[in-house]
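> Data: protein.pdb, PDB, C-alpha atoms.
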```pdb
ATOM      1  CA  MET P   4      17.146 -15.177   4.873
ATOM      2  CA  SER P   5      14.936 -18.231   4.751
ATOM      3  CA  GLU P   6      15.041 -20.392   1.676
ATOM      4  CA  PRO P   7      11.868 -20.996  -0.341
ATOM      5  CA  THR P   8      10.113 -24.261   0.303
ATOM      6  CA  GLU P   9      10.542 -26.918  -2.383
ATOM      7  CA  ASN P  10       7.632 -27.281  -4.848
ATOM      8  CA  VAL P  11       6.040 -23.986  -3.762
ATOM      9  CA  ARG P  12       4.836 -21.870  -6.699
ATOM     10  CA  PRO P  13       7.056 -18.813  -7.260
ATOM     11  CA  LEU P  14       5.603 -15.402  -6.435
ATOM     12  CA  ARG P  15       4.626 -13.601  -9.625
ATOM     13  CA  VAL P  16       5.957 -10.042  -9.474
ATOM     14  CA  VAL P  17       5.607  -6.945 -11.645
ATOM     15  CA  VAL P  18       8.347  -4.310 -11.373
ATOM     16  CA  ALA P  19       7.227  -0.751 -12.132
ATOM     17  CA  ASP P  20       9.652   2.147 -12.615
ATOM     18  CA  ASP P  21       9.786   4.780 -15.334
ATOM     19  CA  GLN P  22      13.582   4.597 -15.554
ATOM     20  CA  ALA P  23      14.822   1.646 -17.583
ATOM     21  CA  ALA P  24      18.213   1.936 -15.870
ATOM     22  CA  VAL P  25      16.472   1.103 -12.595
ATOM     23  CA  ARG P  26      13.664  -1.150 -13.812
ATOM     24  CA  GLU P  27      15.615  -3.647 -15.890
ATOM     25  CA  PRO P  28      18.503  -4.390 -13.479
ATOM     26  CA  LEU P  29      16.041  -4.591 -10.573
ATOM     27  CA  ALA P  30      13.887  -7.100 -12.432
ATOM     28  CA  ALA P  31      16.973  -9.153 -13.310
ATOM     29  CA  VAL P  32      18.285  -9.181  -9.739
ATOM     30  CA  LEU P  33      14.926 -10.104  -8.210
ATOM     31  CA  GLY P  34      14.573 -12.911 -10.725
ATOM     32  CA  LEU P  35      17.598 -14.585  -9.163
ATOM     33  CA  ALA P  36      15.514 -15.486  -6.104
ATOM     34  CA  GLU P  37      14.198 -19.046  -6.493
ATOM     35  CA  ASP P  38      10.722 -18.143  -5.283
ATOM     36  CA  ILE P  39      10.250 -14.983  -7.370
ATOM     37  CA  ASP P  40       9.193 -14.888 -11.005
ATOM     38  CA  VAL P  41       9.276 -11.374 -12.499
ATOM     39  CA  VAL P  42       6.471 -11.680 -15.037
ATOM     40  CA  ALA P  43       6.561  -8.088 -16.308
ATOM     41  CA  ALA P  44       8.431  -4.794 -16.040
ATOM     42  CA  ALA P  45       6.371  -1.641 -16.594
ATOM     43  CA  ALA P  46       7.351   1.975 -17.228
ATOM     44  CA  ASP P  47       4.096   3.484 -15.957
ATOM     45  CA  GLY P  48       0.831   2.682 -14.238
ATOM     46  CA  ASN P  49      -0.956   1.694 -17.409
ATOM     47  CA  GLY P  50       1.695  -0.939 -18.026
ATOM     48  CA  VAL P  51       1.137  -2.259 -14.502
ATOM     49  CA  LEU P  52      -2.623  -2.510 -14.989
ATOM     50  CA  GLU P  53      -2.147  -4.293 -18.300
ATOM     51  CA  ALA P  54       0.262  -6.796 -16.744
ATOM     52  CA  VAL P  55      -2.073  -7.477 -13.823
ATOM     53  CA  ALA P  56      -5.048  -7.871 -16.152
ATOM     54  CA  ALA P  57      -3.053 -10.422 -18.167
ATOM     55  CA  GLY P  58      -2.208 -12.008 -14.794
ATOM     56  CA  PRO P  59      -1.964 -13.729 -12.548
ATOM     57  CA  VAL P  60       0.181 -11.415 -10.381
ATOM     58  CA  ASP P  61       0.904 -11.620  -6.651
ATOM     59  CA  VAL P  62       2.935  -8.488  -5.935
ATOM     60  CA  VAL P  63       3.683  -5.205  -7.700
ATOM     61  CA  LEU P  64       6.908  -3.416  -6.780
ATOM     62  CA  MET P  65       5.761   0.147  -7.424
ATOM     63  CA  ASP P  66       7.621   3.385  -8.064
ATOM     64  CA  LEU P  67       5.576   6.476  -7.157
ATOM     65  CA  ARG P  68       6.629   9.137  -9.644
ATOM     66  CA  MET P  69       5.798   7.781 -13.084
ATOM     67  CA  PRO P  70       4.340   9.456 -16.188
ATOM     68  CA  VAL P  71       0.864   8.851 -17.614
ATOM     69  CA  LEU P  72      -0.471   7.098 -14.490
ATOM     70  CA  ASP P  73       1.490   7.535 -11.272
ATOM     71  CA  GLY P  74       2.104   4.993  -8.538
ATOM     72  CA  ILE P  75      -0.483   6.365  -6.099
ATOM     73  CA  GLU P  76      -3.380   6.226  -8.531
ATOM     74  CA  THR P  77      -2.224   2.860  -9.863
ATOM     75  CA  THR P  78      -2.111   1.492  -6.317
ATOM     76  CA  ARG P  79      -5.603   2.832  -5.648
ATOM     77  CA  ARG P  80      -6.955   1.161  -8.777
ATOM     78  CA  LEU P  81      -5.265  -2.123  -7.958
ATOM     79  CA  SER P  82      -6.698  -2.023  -4.418
ATOM     80  CA  GLU P  83     -10.203  -1.582  -5.753
ATOM     81  CA  GLU P  84     -10.056  -3.723  -8.897
ATOM     82  CA  HIS P  85      -7.508  -6.402  -7.904
ATOM     83  CA  PRO P  86      -7.460  -6.560  -4.081
ATOM     84  CA  GLY P  87      -5.580  -9.854  -4.144
ATOM     85  CA  VAL P  88      -2.521  -8.123  -5.606
ATOM     86  CA  ALA P  89      -0.185  -6.681  -2.957
ATOM     87  CA  VAL P  90       1.661  -3.424  -3.645
ATOM     88  CA  VAL P  91       5.093  -2.664  -2.218
ATOM     89  CA  VAL P  92       6.267   0.868  -2.923
ATOM     90  CA  LEU P  93       9.936   1.324  -3.815
ATOM     91  CA  THR P  94      10.772   5.007  -4.160
ATOM     92  CA  THR P  95      13.316   7.715  -3.420
ATOM     93  CA  PHE P  96      10.650   9.732  -1.589
ATOM     94  CA  ALA P  97      10.026   9.237   2.142
ATOM     95  CA  ASP P  98       8.105  12.414   2.978
ATOM     96  CA  ASP P  99       4.877  12.283   4.987
ATOM     97  CA  ASP P 100       2.651  13.136   2.035
ATOM     98  CA  SER P 101       4.057  10.363  -0.166
ATOM     99  CA  ILE P 102       3.990   7.744   2.599
ATOM    100  CA  LEU P 103       0.458   8.534   3.730
ATOM    101  CA  ALA P 104      -0.863   8.810   0.180
ATOM    102  CA  ALA P 105       0.594   5.396  -0.711
ATOM    103  CA  LEU P 106      -0.706   3.706   2.441
ATOM    104  CA  GLY P 107      -4.053   5.409   2.001
ATOM    105  CA  ALA P 108      -4.238   4.078  -1.550
ATOM    106  CA  GLY P 109      -3.714   0.558  -0.218
ATOM    107  CA  ALA P 110       0.028  -0.132  -0.425
ATOM    108  CA  ARG P 111       1.054  -2.996   1.859
ATOM    109  CA  GLY P 112       4.716  -2.041   2.007
ATOM    110  CA  TYR P 113       6.883   1.044   1.613
ATOM    111  CA  LEU P 114      10.623   0.947   0.978
ATOM    112  CA  THR P 115      13.086   3.579  -0.121
ATOM    113  CA  LYS P 116      15.580   2.879  -2.878
ATOM    114  CA  ASN P 117      18.281   2.620  -0.226
ATOM    115  CA  ALA P 118      16.884  -0.849   0.490
ATOM    116  CA  GLY P 119      19.118  -3.753  -0.473
ATOM    117  CA  ARG P 120      18.137  -6.741  -2.589
ATOM    118  CA  GLN P 121      17.488  -8.974   0.404
ATOM    119  CA  ASP P 122      15.297  -6.312   2.023
ATOM    120  CA  ILE P 123      13.233  -6.034  -1.146
ATOM    121  CA  VAL P 124      12.891  -9.799  -1.491
ATOM    122  CA  ARG P 125      11.803 -10.103   2.137
ATOM    123  CA  ALA P 126       9.268  -7.314   1.621
ATOM    124  CA  ILE P 127       7.822  -9.044  -1.444
ATOM    125  CA  ARG P 128       7.465 -12.316   0.445
ATOM    126  CA  ALA P 129       5.890 -10.592   3.454
ATOM    127  CA  ALA P 130       3.434  -8.583   1.351
ATOM    128  CA  ALA P 131       2.379 -11.718  -0.527
ATOM    129  CA  ALA P 132       1.677 -13.314   2.868
ATOM    130  CA  GLY P 133      -0.569 -10.411   3.861
ATOM    131  CA  GLN P 134       1.934  -8.635   6.102
ATOM    132  CA  SER P 135       2.801  -4.935   6.120
ATOM    133  CA  VAL P 136       6.424  -3.918   5.575
ATOM    134  CA  LEU P 137       7.929  -0.490   6.224
ATOM    135  CA  ASP P 138      11.634   0.219   6.113
ATOM    136  CA  ARG P 139      13.427   1.996   8.964
ATOM    137  CA  GLU P 140      13.330   5.478   7.432
ATOM    138  CA  VAL P 141       9.595   5.204   6.813
ATOM    139  CA  GLN P 142       8.980   3.836  10.304
ATOM    140  CA  ASP P 143      10.850   6.794  11.774
ATOM    141  CA  ARG P 144       8.733   9.264   9.797
ATOM    142  CA  LEU P 145       5.496   7.621  10.892
ATOM    143  CA  LEU P 146       6.705   7.404  14.474
ATOM    144  CA  ALA P 147       7.293  11.163  14.486
ATOM    145  CA  THR P 148       3.745  11.653  13.219
ATOM    146  CA  VAL P 149       2.326   9.330  15.864
ATOM    147  CA  ARG P 150       4.284  11.055  18.640
ATOM    148  CA  ALA P 151       2.667  14.334  17.638
ATOM    149  CA  ARG P 152      -0.834  12.916  17.901
ATOM    150  CA  PRO P 153      -3.211  13.575  20.829
ATOM    151  CA  THR P 154      -2.794  11.205  23.764
ATOM    152  CA  THR P 155      -6.517  10.388  23.884
ATOM    153  CA  SER P 156      -7.667   7.948  21.222
ATOM    154  CA  GLY P 157     -10.162   9.587  18.875
ATOM    155  CA  GLN P 158      -9.326  13.118  20.012
ATOM    156  CA  GLY P 159      -9.714  15.706  17.282
ATOM    157  CA  LEU P 160     -12.518  13.837  15.498
ATOM    158  CA  PRO P 161     -16.134  15.017  15.381
ATOM    159  CA  ALA P 162     -18.212  13.796  18.320
ATOM    160  CA  ASP P 163     -21.010  12.684  16.015
ATOM    161  CA  LEU P 164     -18.940  10.003  14.244
ATOM    162  CA  THR P 165     -20.664   6.664  14.762
ATOM    163  CA  PRO P 166     -18.728   3.680  16.165
ATOM    164  CA  ARG P 167     -18.845   2.068  12.730
ATOM    165  CA  GLU P 168     -17.485   5.209  11.053
ATOM    166  CA  ARG P 169     -14.601   5.264  13.547
ATOM    167  CA  GLU P 170     -13.999   1.591  12.813
ATOM    168  CA  VAL P 171     -13.883   2.307   9.080
ATOM    169  CA  LEU P 172     -11.458   5.186   9.644
ATOM    170  CA  THR P 173      -9.227   2.881  11.693
ATOM    171  CA  LEU P 174      -9.125   0.345   8.858
ATOM    172  CA  ILE P 175      -8.396   3.059   6.285
ATOM    173  CA  GLY P 176      -5.534   4.127   8.537
ATOM    174  CA  GLN P 177      -4.194   0.578   8.315
ATOM    175  CA  GLY P 178      -4.146   0.851   4.531
ATOM    176  CA  LEU P 179      -7.068  -1.459   3.755
ATOM    177  CA  PRO P 180      -8.993  -0.877   0.492
ATOM    178  CA  ASN P 181     -12.795  -0.756   0.499
ATOM    179  CA  ARG P 182     -13.247  -4.392  -0.473
ATOM    180  CA  ALA P 183     -11.008  -5.612   2.349
ATOM    181  CA  ILE P 184     -12.821  -3.350   4.821
ATOM    182  CA  ALA P 185     -16.143  -4.776   3.671
ATOM    183  CA  GLU P 186     -14.895  -8.329   4.176
ATOM    184  CA  LYS P 187     -13.518  -7.511   7.619
ATOM    185  CA  LEU P 188     -16.765  -5.870   8.765
ATOM    186  CA  PHE P 189     -19.046  -8.415   7.031
ATOM    187  CA  VAL P 190     -20.884  -5.719   5.076
ATOM    188  CA  SER P 191     -21.195  -4.838   1.401
ATOM    189  CA  GLU P 192     -18.672  -2.644  -0.375
ATOM    190  CA  ALA P 193     -21.495  -0.172  -1.074
ATOM    191  CA  THR P 194     -22.124   0.106   2.670
ATOM    192  CA  VAL P 195     -18.436   0.812   3.269
ATOM    193  CA  LYS P 196     -18.516   3.584   0.651
ATOM    194  CA  THR P 197     -21.536   5.106   2.413
ATOM    195  CA  HIS P 198     -19.704   5.072   5.756
ATOM    196  CA  ILE P 199     -16.645   6.653   4.124
ATOM    197  CA  ASN P 200     -18.707   9.396   2.493
ATOM    198  CA  ASN P 201     -20.391  10.147   5.810
ATOM    199  CA  LEU P 202     -17.211  10.239   7.886
ATOM    200  CA  PHE P 203     -15.380  12.318   5.260
ATOM    201  CA  ALA P 204     -18.230  14.847   5.299
ATOM    202  CA  LYS P 205     -18.429  14.987   9.102
ATOM    203  CA  ALA P 206     -14.655  15.209   9.642
ATOM    204  CA  GLY P 207     -13.893  17.457   6.667
ATOM    205  CA  ILE P 208     -11.587  14.833   5.138
ATOM    206  CA  ARG P 209     -10.744  15.427   1.482
ATOM    207  CA  ASP P 210      -9.205  12.131   0.429
ATOM    208  CA  ARG P 211      -7.820   8.808   1.636
ATOM    209  CA  ALA P 212      -4.330  10.167   2.290
ATOM    210  CA  GLU P 213      -5.785  12.716   4.689
ATOM    211  CA  ALA P 214      -7.902   9.955   6.244
ATOM    212  CA  VAL P 215      -4.725   7.972   7.008
ATOM    213  CA  ARG P 216      -3.158  11.049   8.579
ATOM    214  CA  ARG P 217      -6.261  11.750  10.684
ATOM    215  CA  ALA P 218      -6.433   8.131  11.840
ATOM    216  CA  LEU P 219      -2.789   8.264  12.915
ATOM    217  CA  THR P 220      -3.019  11.599  14.696
ATOM    218  CA  ALA P 221      -6.243  10.518  16.431
ATOM    219  CA  GLY P 222      -4.599   7.344  17.689
ATOM    220  CA  LEU P 223      -6.894   5.040  15.735
ATOM    221  CA  ALA P 224      -4.298   3.363  13.506
TER
END
```
Before anything else, please render the file you have as structure tokens.

Amino acid sequence: MSEPTENVRPLRVVVADDQAAVREPLAAVLGLAEDIDVVAAAADGNGVLEAVAAGPVDVVLMDLRMPVLDGIETTRRLSEEHPGVAVVVLTTFADDDSILAALGAGARGYLTKNAGRQDIVRAIRAAAAGQSVLDREVQDRLLATVRARPTTSGQGLPADLTPREREVLTLIGQGLPNRAIAEKLFVSEATVKTHINNLFAKAGIRDRAEAVRRALTAGLA
């Protein structure tokens, strides 16, 4: 594991888990890394949003199943309202629905709670640097999904999707929130929302999690 560079500002991290027996020791252990400063520990999504609003925060280590406001909806709100904050999911759940919902909401990383301290620290550093991080179990699940997809890119999607709508679907499949998609395509966020509404209507897509699944199975992501 590489050592943090001298005089580099520590990464400001929020740890979110509804179980104090998990949250508090995890925050303490992560705080031992020289380049990580755990600025808050939250028991639910509202606590995360409050901590980020008080800011500044670089990364949120997010549990999925929390009361009041769960990890998926919290991730979605962070992606839209605070796109500069990276979310790394840390959960016991590695089923397709949870993984795709989290990535569709904008999570940059997904780890199970089998991950060790060094794995979590590396994931936090990578997410803060704009990289995506998936642990082995999650990679295996996604690989199984990809292997089941059609061999022709775009197969299974409506023929009347425009090139731009396919491009937007590809970026959704990569976990990008609307603001990041707008920046990548050099258009307004309102234009991105219009493209999303159109492609969802044409393809019969209900939500972002399903959009991630469709992008994967169509070979676009």
> Counting only C-alpha atoms, figure out which residue out of P:Pro13, P:Gly207, P:Gly58, P:Gly119 gets nearest to Pro161 in chain P.
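Of the candidates, the smallest distance to Pro161 in chain P is held by P:Gly207.
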> Counting all atoms listed in the file, what is within 10 Å of Thr173 in chain P, bar same-chain residues fewer than 5 positions away, as a list in words?
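Close residues of Thr173 in chain P: Gly157, Arg167, Glu168, Gly178, Leu179, Ile184, Ala214, Val215, Arg217, Ala218, Leu219, Ala221, Gly222, Leu223 and Ala224 of chain P.
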> Have a look at P:Ala129, P:Val141, P:Val63, P:Leu35 and name the one nearest to His85 in chain P; count only C-alpha atoms.
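Result for the nearest residue to His85 in chain P: P:Val63.
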> May I have the residues within 9 Å of Asp61 in chain P as JSON, numbers by chain, using all atoms listed in the file and disregarding those fewer than 6 positions away in the same chain?
{"P": [14, 15, 16, 17, 55, 87, 88, 89, 90, 130, 131]}
> What gap, in Å, lies between CA of Thr165 in chain P and CA of Val195 in chain P?
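Straight-line distance from CA of Thr165 in chain P to CA of Val195 in chain P works out to 13.1 Å.
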> Skipping near chain neighbours, those fewer than 3 positions away, what residues fall within 9 Å of Ile199 in chain P using all atoms listed in the file, listed as a list in words?
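These residues fall inside the cut-off: Glu168, Val171, Leu172, Thr194, Val195, Lys196, Leu202, Phe203 and Ala204 of chain P.
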> Wanna dump the range 15-45 of chain P-range 65-75 of chain P contacts at 8 Å for me, each residue with its shortest atom pair and the distance in Å to one decimal, counting all atoms listed in the file, ordered by chain and number, as CSV?

```
residue,atom,partner,partner_atom,distance
P:Val18,CA,P:Met65,CA,6.5
P:Ala19,CA,P:Met65,CA,5.0
P:Asp20,CA,P:Asp66,CA,5.1
P:Asp21,CA,P:Met69,CA,5.5
```
> One number please: CA of Arg12 in chain P to CA of Leu33 in chain P, in Å, one decimal.
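CA of Leu33 in chain P lies at a distance of 15.6 Å from CA of Arg12 in chain P.
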> What's the separation between CA of Ser82 in chain P and CA of Arg182 in chain P, in Å to one decimal place?
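We find that CA of Ser82 in chain P and CA of Arg182 in chain P lie 8.0 Å from each other.
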> Given all atoms listed in the file as the basis, pick out the residue of P:Arg216, P:Leu146, P:Glu140, P:Arg120 nearest to Ala36 in chain P.
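Nearest candidate to Ala36 in chain P out of P:Arg216, P:Leu146, P:Glu140, P:Arg120: P:Arg120.
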